[in-house]
Structures are given as C-alpha cells and as structure tokens.
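I have placed the structure first, in the form of structure tokens, so that the comments after it can refer back to it.
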Amino acid sequence: MKRLLYSLLLATLSLTQTVAQLRPYREDERKFFTDFGVGVGVFKAGNAYTVNPLLMTNTRLGWQMYFSPQYIVSRRLNVGAKIGGIFRPKFNDLESNSVVQPKFTPWGLAFMDFHLGQGGRRSALFVGLGAGVTHIGSMEAKRNDTKETFMLRRRDRDVFATIVPRLGIAFREIKIQGEYFVTTPFNPDFISLSITGTIPTGKKRYY
C-alpha cells in the first residue's frame with residue numbers, strides 16, 4: 001500500500017508540473033476547473049459516539065484518492081462535487097466486539113470553499129465544508145472471543161451521511177489541505193492531509 005501511495009503522489013506532482021505553464025486558475029478567465037488528489041491520514045477506531053467524536057483511540061493509518069470538478073462563483077467562493085474513496089485499514093470495533101478487515105469505501109460530496117485571501121496571489125488560505133454520503137456496505141469481520149468470521153453490516157444499512165470540514169492553502173495549481181471525515185452513526189472517522197493538482201477546464205479565450 002505504501003508503494004502504491006508513493007506512486008500516486010508522484011503521479012499527482014507530475015500532473016501538476018505538466019500544467020505549470022497555465023496561469024493560476026484564480027487568474028484564469030475560465031470558471032470551471034478540476035482537482036485530482038491523494039491523501040494520507042489516521043482513523044479513530046472504536047464504537048459509535050458516546051462522549052466525544054474527537055477522542056482519538058486505537059488509531060490506524062489509511063488513505064484516500066479523489067477528483068473534484070468545481071465552479072468559481074467569485075474570487076473568494078467556489079462550489080463543486082468531490083468523488084472518491086477511502087482505503088480503510090483493519091481495526092478493532094468495540095460495538096461488535098470484532099476485528100473488521102480492510103475495505104475501500106467510496107463517497108460523494110457537494111461542497112463549497114471560501115478563500116480568505118484576494119484572488120491572483122501566489123498563495124491563499126481557504127476553508128471549506130462538504131456534505132454527502134459514504135457507501136460502507138458489508139465488511140468481513142472476526143469476533144474477538146469466538147474467532148467466528150461473519151459479514152458486519154452496521155445498523156442494517158449500507159449508506160451513511162458524511163460531513164467534511166476542511167482547511168487548506170492553495171499555491172497556484174497545487175493545494176494542500178487537511179480534512180476531517182465525520183461519517184455517522186458509523187465509526188471510525190478519518191483525519192486526512194492531502195495534496196491536490198488543479199487543471200482549468202473549458203475553452204480558453206485569447207485576446
């Protein structure tokens with residue numbers, strides 16, 4: 001998995017260098033652009049929320065990949081959709097008293113980003129919020145006491161609501177951002193740091 005993640009990071013950087021001759025999307029007259037990114041982070045493993053969703057216990061490493069078409073509403077605001085998935089590691093689930101095996105879980109979000117700096121600068125901080133769903137489905141698990149293998153389907157559901165606040169900084173065609181995936185009533189949550197390459201889309205005007 002580490003080798004695959006390293007290859008994806010190299011591919012993202014290579015893609016960014018390919019479009020390096022383009023003007024920054026915030027200075028481009030086109031209103032549409034697409035992000036492609038990968039991220040690594042930690043999971044909060046445990047049972048459903050009882051005290052504090054920020055309590056980090058029994059953490060595990062995981063990673064995500066995604067693409068995100070967006071529209072520039074103004075110099076400070078852009079809205080769009082984010083489609084991707086998280087590679088969840090094996091973890092000990094307290095609610096079912098079992099060890100849940102690794103699984104890829106896809107998700108889709110609608111979001112908006114608000115840039116705190118003026119357009120056209122070399123870098124700008126931004127804050128964002130996304131909301132959508134994650135498809136968890138059935139997961140293979142093994143009970144801690146009896147070692148019985150079974151398929152775990154949390155709360156007899158496959159799809160769960162997901163909210164993702166995020167904070168980042170944009171450097172021309174590169175973004176670095178931190179995200180906190182809250183998928184409830186399913187645990188574990190995912191805190192991720194990702195790197196993104198940006199490509200303007202649509203027909204360019206010439207003057």
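Convention: chains lettered A, B, ... in structure tokens order; per-chain residue numbering from 1; ligands numbered from 1 as shown.
Neighbouring residues of Gly84 of chain A at 6 Å or closer, counting only C-alpha atoms and skipping chain neighbours under 6 positions away, are A:Met65, A:Tyr66, A:Pro106, A:Trp107.
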Taking N, CA, C and O atoms for each residue, export the selection above as a compact mmCIF listing (two decimals), in the first residue's frame.
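Done, and the output landed in result-v1.txt:
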```
# COMPACT_ATOMS: atom_id res chain seq x y z
N MET A 65 -8.23 8.81 -2.24
CA MET A 65 -7.97 9.36 -3.57
C MET A 65 -9.30 9.91 -4.10
O MET A 65 -10.37 9.42 -3.75
N TYR A 66 -9.23 10.97 -4.95
CA TYR A 66 -10.46 11.63 -5.37
C TYR A 66 -10.23 12.52 -6.57
O TYR A 66 -9.08 12.86 -6.93
N PRO A 106 -16.30 4.00 -1.09
CA PRO A 106 -16.47 5.19 -1.93
C PRO A 106 -17.43 6.21 -1.30
O PRO A 106 -18.29 5.85 -0.50
N TRP A 107 -17.26 7.48 -1.68
CA TRP A 107 -18.14 8.53 -1.18
C TRP A 107 -18.32 9.60 -2.25
O TRP A 107 -17.56 9.71 -3.21
```
Original post:
So which one's closest to Val164 of chain A, A:Trp63, A:Phe114, A:Phe190, A:Phe43? Using only C-alpha atoms, please.
Top reply: A:Phe190
**OP:** Extract the full set of strand (DSSP E or B) residues from segment 18-201 of chain A according to DSSP on the backbone, and format it as a PyMOL selection string.
**Re:** chain A and resi 32-44+60-72+77-88+91-93+98-100+103-115+123-135+139-143+149-152+159-171+174-184+189-201
Original post:
Counting only C-alpha atoms, which of A:Gly168, A:Gly178, A:Gly132, A:Gly137 gets nearest to Asp113 of chain A?
Top reply: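 Residue with the minimum atom-to-atom distance to Asp113 of chain A: A:Gly168.
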**OP:** Pick out the residues sitting within 9 Å of Gly41 of chain A, and hand them over as number ranges by chain; count only C-alpha atoms, and ignore anything fewer than 2 positions along from it in its own chain.
**Re:** A: 39, 43, 60-64, 190-194
**OP:** May I have the residues within 9 Å of Val133 of chain A as a list in words, using only C-alpha atoms and disregarding those fewer than 2 positions away in the same chain?
**Re:**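 Here the answer would be Pro106, Trp107, Gly108, Leu109, Ala131, His135, Val159, Phe160, Ala161, Thr162, Ile163 and Thr183 of chain A.
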Atoms kept (all heavy atoms) for selection, written as a JSON list (two decimals), in the first residue's frame:
```json
[["chain", "number", "residue", "atom", "x", "y", "z"],
["A", 106, "PRO", "N", -16.30, 4.00, -1.09],
["A", 106, "PRO", "CA", -16.47, 5.19, -1.93],
["A", 106, "PRO", "C", -17.43, 6.21, -1.30],
["A", 106, "PRO", "O", -18.29, 5.85, -0.50],
["A", 106, "PRO", "CB", -17.06, 4.61, -3.22],
["A", 106, "PRO", "CG", -17.78, 3.38, -2.77],
["A", 106, "PRO", "CD", -17.00, 2.82, -1.62],
["A", 107, "TRP", "N", -17.26, 7.48, -1.68],
["A", 107, "TRP", "CA", -18.14, 8.53, -1.18],
["A", 107, "TRP", "C", -18.32, 9.60, -2.25],
["A", 107, "TRP", "O", -17.56, 9.71, -3.21],
["A", 107, "TRP", "CB", -17.61, 9.16, 0.10],
["A", 107, "TRP", "CG", -16.14, 9.43, 0.14],
["A", 107, "TRP", "CD1", -15.19, 8.71, 0.80],
["A", 107, "TRP", "CD2", -15.44, 10.49, -0.52],
["A", 107, "TRP", "NE1", -13.95, 9.25, 0.59],
["A", 107, "TRP", "CE2", -14.07, 10.34, -0.21],
["A", 107, "TRP", "CE3", -15.83, 11.55, -1.33],
["A", 107, "TRP", "CZ2", -13.10, 11.21, -0.69],
["A", 107, "TRP", "CZ3", -14.86, 12.41, -1.83],
["A", 107, "TRP", "CH2", -13.52, 12.24, -1.50],
["A", 108, "GLY", "N", -19.37, 10.41, -2.06],
["A", 108, "GLY", "CA", -19.64, 11.55, -2.92],
["A", 108, "GLY", "C", -20.11, 12.72, -2.07],
["A", 108, "GLY", "O", -20.93, 12.54, -1.17],
["A", 109, "LEU", "N", -19.56, 13.92, -2.36],
["A", 109, "LEU", "CA", -19.86, 15.09, -1.55],
["A", 109, "LEU", "C", -20.18, 16.29, -2.44],
["A", 109, "LEU", "O", -19.63, 16.43, -3.54],
["A", 109, "LEU", "CB", -18.68, 15.47, -0.66],
["A", 109, "LEU", "CG", -18.09, 14.41, 0.28],
["A", 109, "LEU", "CD1", -16.78, 14.92, 0.86],
["A", 109, "LEU", "CD2", -19.08, 14.09, 1.39],
["A", 131, "ALA", "N", -20.71, 17.96, 2.30],
["A", 131, "ALA", "CA", -21.74, 17.10, 2.87],
["A", 131, "ALA", "C", -22.20, 16.12, 1.80],
["A", 131, "ALA", "O", -22.36, 16.49, 0.64],
["A", 131, "ALA", "CB", -22.92, 17.92, 3.38],
["A", 135, "HIS", "N", -20.61, 5.03, 1.04],
["A", 135, "HIS", "CA", -21.12, 3.66, 0.94],
["A", 135, "HIS", "C", -20.18, 2.72, 1.69],
["A", 135, "HIS", "O", -19.05, 2.49, 1.28],
["A", 135, "HIS", "CB", -21.22, 3.24, -0.52],
["A", 135, "HIS", "CG", -21.85, 1.89, -0.70],
["A", 135, "HIS", "ND1", -21.13, 0.71, -0.66],
["A", 135, "HIS", "CD2", -23.16, 1.52, -0.89],
["A", 135, "HIS", "CE1", -21.94, -0.31, -0.83],
["A", 135, "HIS", "NE2", -23.17, 0.15, -0.98],
["A", 159, "VAL", "N", -25.42, 2.81, 3.41],
["A", 159, "VAL", "CA", -25.02, 4.18, 3.11],
["A", 159, "VAL", "C", -25.18, 5.05, 4.36],
["A", 159, "VAL", "O", -26.19, 4.94, 5.07],
["A", 159, "VAL", "CB", -25.87, 4.76, 1.96],
["A", 159, "VAL", "CG1", -25.50, 6.21, 1.68],
["A", 159, "VAL", "CG2", -25.69, 3.92, 0.70],
["A", 160, "PHE", "N", -24.19, 5.91, 4.61],
["A", 160, "PHE", "CA", -24.18, 6.74, 5.81],
["A", 160, "PHE", "C", -23.90, 8.19, 5.45],
["A", 160, "PHE", "O", -23.12, 8.48, 4.54],
["A", 160, "PHE", "CB", -23.13, 6.25, 6.80],
["A", 160, "PHE", "CG", -23.40, 4.88, 7.34],
["A", 160, "PHE", "CD1", -23.00, 3.75, 6.62],
["A", 160, "PHE", "CD2", -24.06, 4.70, 8.53],
["A", 160, "PHE", "CE1", -23.26, 2.49, 7.10],
["A", 160, "PHE", "CE2", -24.31, 3.45, 9.02],
["A", 160, "PHE", "CZ", -23.92, 2.33, 8.31],
["A", 161, "ALA", "N", -24.52, 9.11, 6.19],
["A", 161, "ALA", "CA", -24.28, 10.53, 5.98],
["A", 161, "ALA", "C", -22.85, 10.89, 6.36],
["A", 161, "ALA", "O", -22.29, 10.36, 7.33],
["A", 161, "ALA", "CB", -25.27, 11.35, 6.80],
["A", 162, "THR", "N", -22.24, 11.81, 5.59],
["A", 162, "THR", "CA", -20.86, 12.22, 5.83],
["A", 162, "THR", "C", -20.75, 13.74, 5.75],
["A", 162, "THR", "O", -21.27, 14.36, 4.82],
["A", 162, "THR", "CB", -19.93, 11.59, 4.79],
["A", 162, "THR", "OG1", -20.01, 10.16, 4.89],
["A", 162, "THR", "CG2", -18.48, 12.01, 5.02],
["A", 163, "ILE", "N", -20.07, 14.33, 6.73],
["A", 163, "ILE", "CA", -19.78, 15.76, 6.75],
["A", 163, "ILE", "C", -18.27, 15.94, 6.82],
["A", 163, "ILE", "O", -17.59, 15.24, 7.60],
["A", 163, "ILE", "CB", -20.46, 16.45, 7.94],
["A", 163, "ILE", "CG1", -21.98, 16.30, 7.84],
["A", 163, "ILE", "CG2", -20.07, 17.93, 8.02],
["A", 163, "ILE", "CD1", -22.72, 16.87, 9.04],
["A", 183, "THR", "N", -18.39, 10.39, 9.57],
["A", 183, "THR", "CA", -19.40, 9.52, 8.97],
["A", 183, "THR", "C", -20.20, 8.89, 10.10],
["A", 183, "THR", "O", -19.70, 8.06, 10.84],
["A", 183, "THR", "CB", -18.74, 8.43, 8.11],
["A", 183, "THR", "OG1", -17.95, 9.05, 7.11],
["A", 183, "THR", "CG2", -19.79, 7.55, 7.45]]
```
Subject >> Pick from A:Pro69, A:Gly128, A:Gly197, A:Pro102, whichever lies nearest to Lys175 of chain A using only C-alpha atoms >> reply: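 The answer is A:Gly197, which sits nearest to Lys175 of chain A.
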**OP:** Go ahead and compute the interatomic distance for atom CA of Ala110 of chain A and atom CA of Leu152 of chain A, in Å to one decimal.
**Re:**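 Between atom CA of Ala110 of chain A and atom CA of Leu152 of chain A the gap is 28.2 Å.
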**OP:** Write out as JSON, numbers by chain which residues come within 7 Å of Leu125 of chain A when counting only C-alpha atoms, dropping same-chain ones fewer than 6 positions away.
**Re:** {"A": [115, 116, 117, 168, 169, 170]}
Residues as selected, N, CA, C and O atoms, written as a compact mmCIF listing (two decimals), in the first residue's frame, can you do that?
```
# COMPACT_ATOMS: atom_id res chain seq x y z
N HIS A 115 -12.22 31.36 0.10
CA HIS A 115 -10.82 31.78 0.14
C HIS A 115 -10.69 33.04 0.99
O HIS A 115 -11.40 34.02 0.79
N LEU A 116 -9.74 33.00 1.92
CA LEU A 116 -9.56 34.11 2.85
C LEU A 116 -8.70 35.22 2.26
O LEU A 116 -8.72 36.34 2.76
N GLY A 117 -7.91 34.93 1.21
CA GLY A 117 -7.07 35.93 0.57
C GLY A 117 -7.67 36.42 -0.73
O GLY A 117 -8.64 35.87 -1.25
N GLY A 168 -7.21 24.60 4.17
CA GLY A 168 -6.08 24.36 3.29
C GLY A 168 -5.45 25.64 2.78
O GLY A 168 -5.85 26.75 3.14
N ILE A 169 -4.45 25.46 1.94
CA ILE A 169 -3.76 26.58 1.30
C ILE A 169 -3.53 26.22 -0.16
O ILE A 169 -3.15 25.09 -0.48
N ALA A 170 -3.81 27.16 -1.05
CA ALA A 170 -3.66 26.94 -2.50
C ALA A 170 -2.41 27.67 -2.99
O ALA A 170 -2.25 28.87 -2.75
```
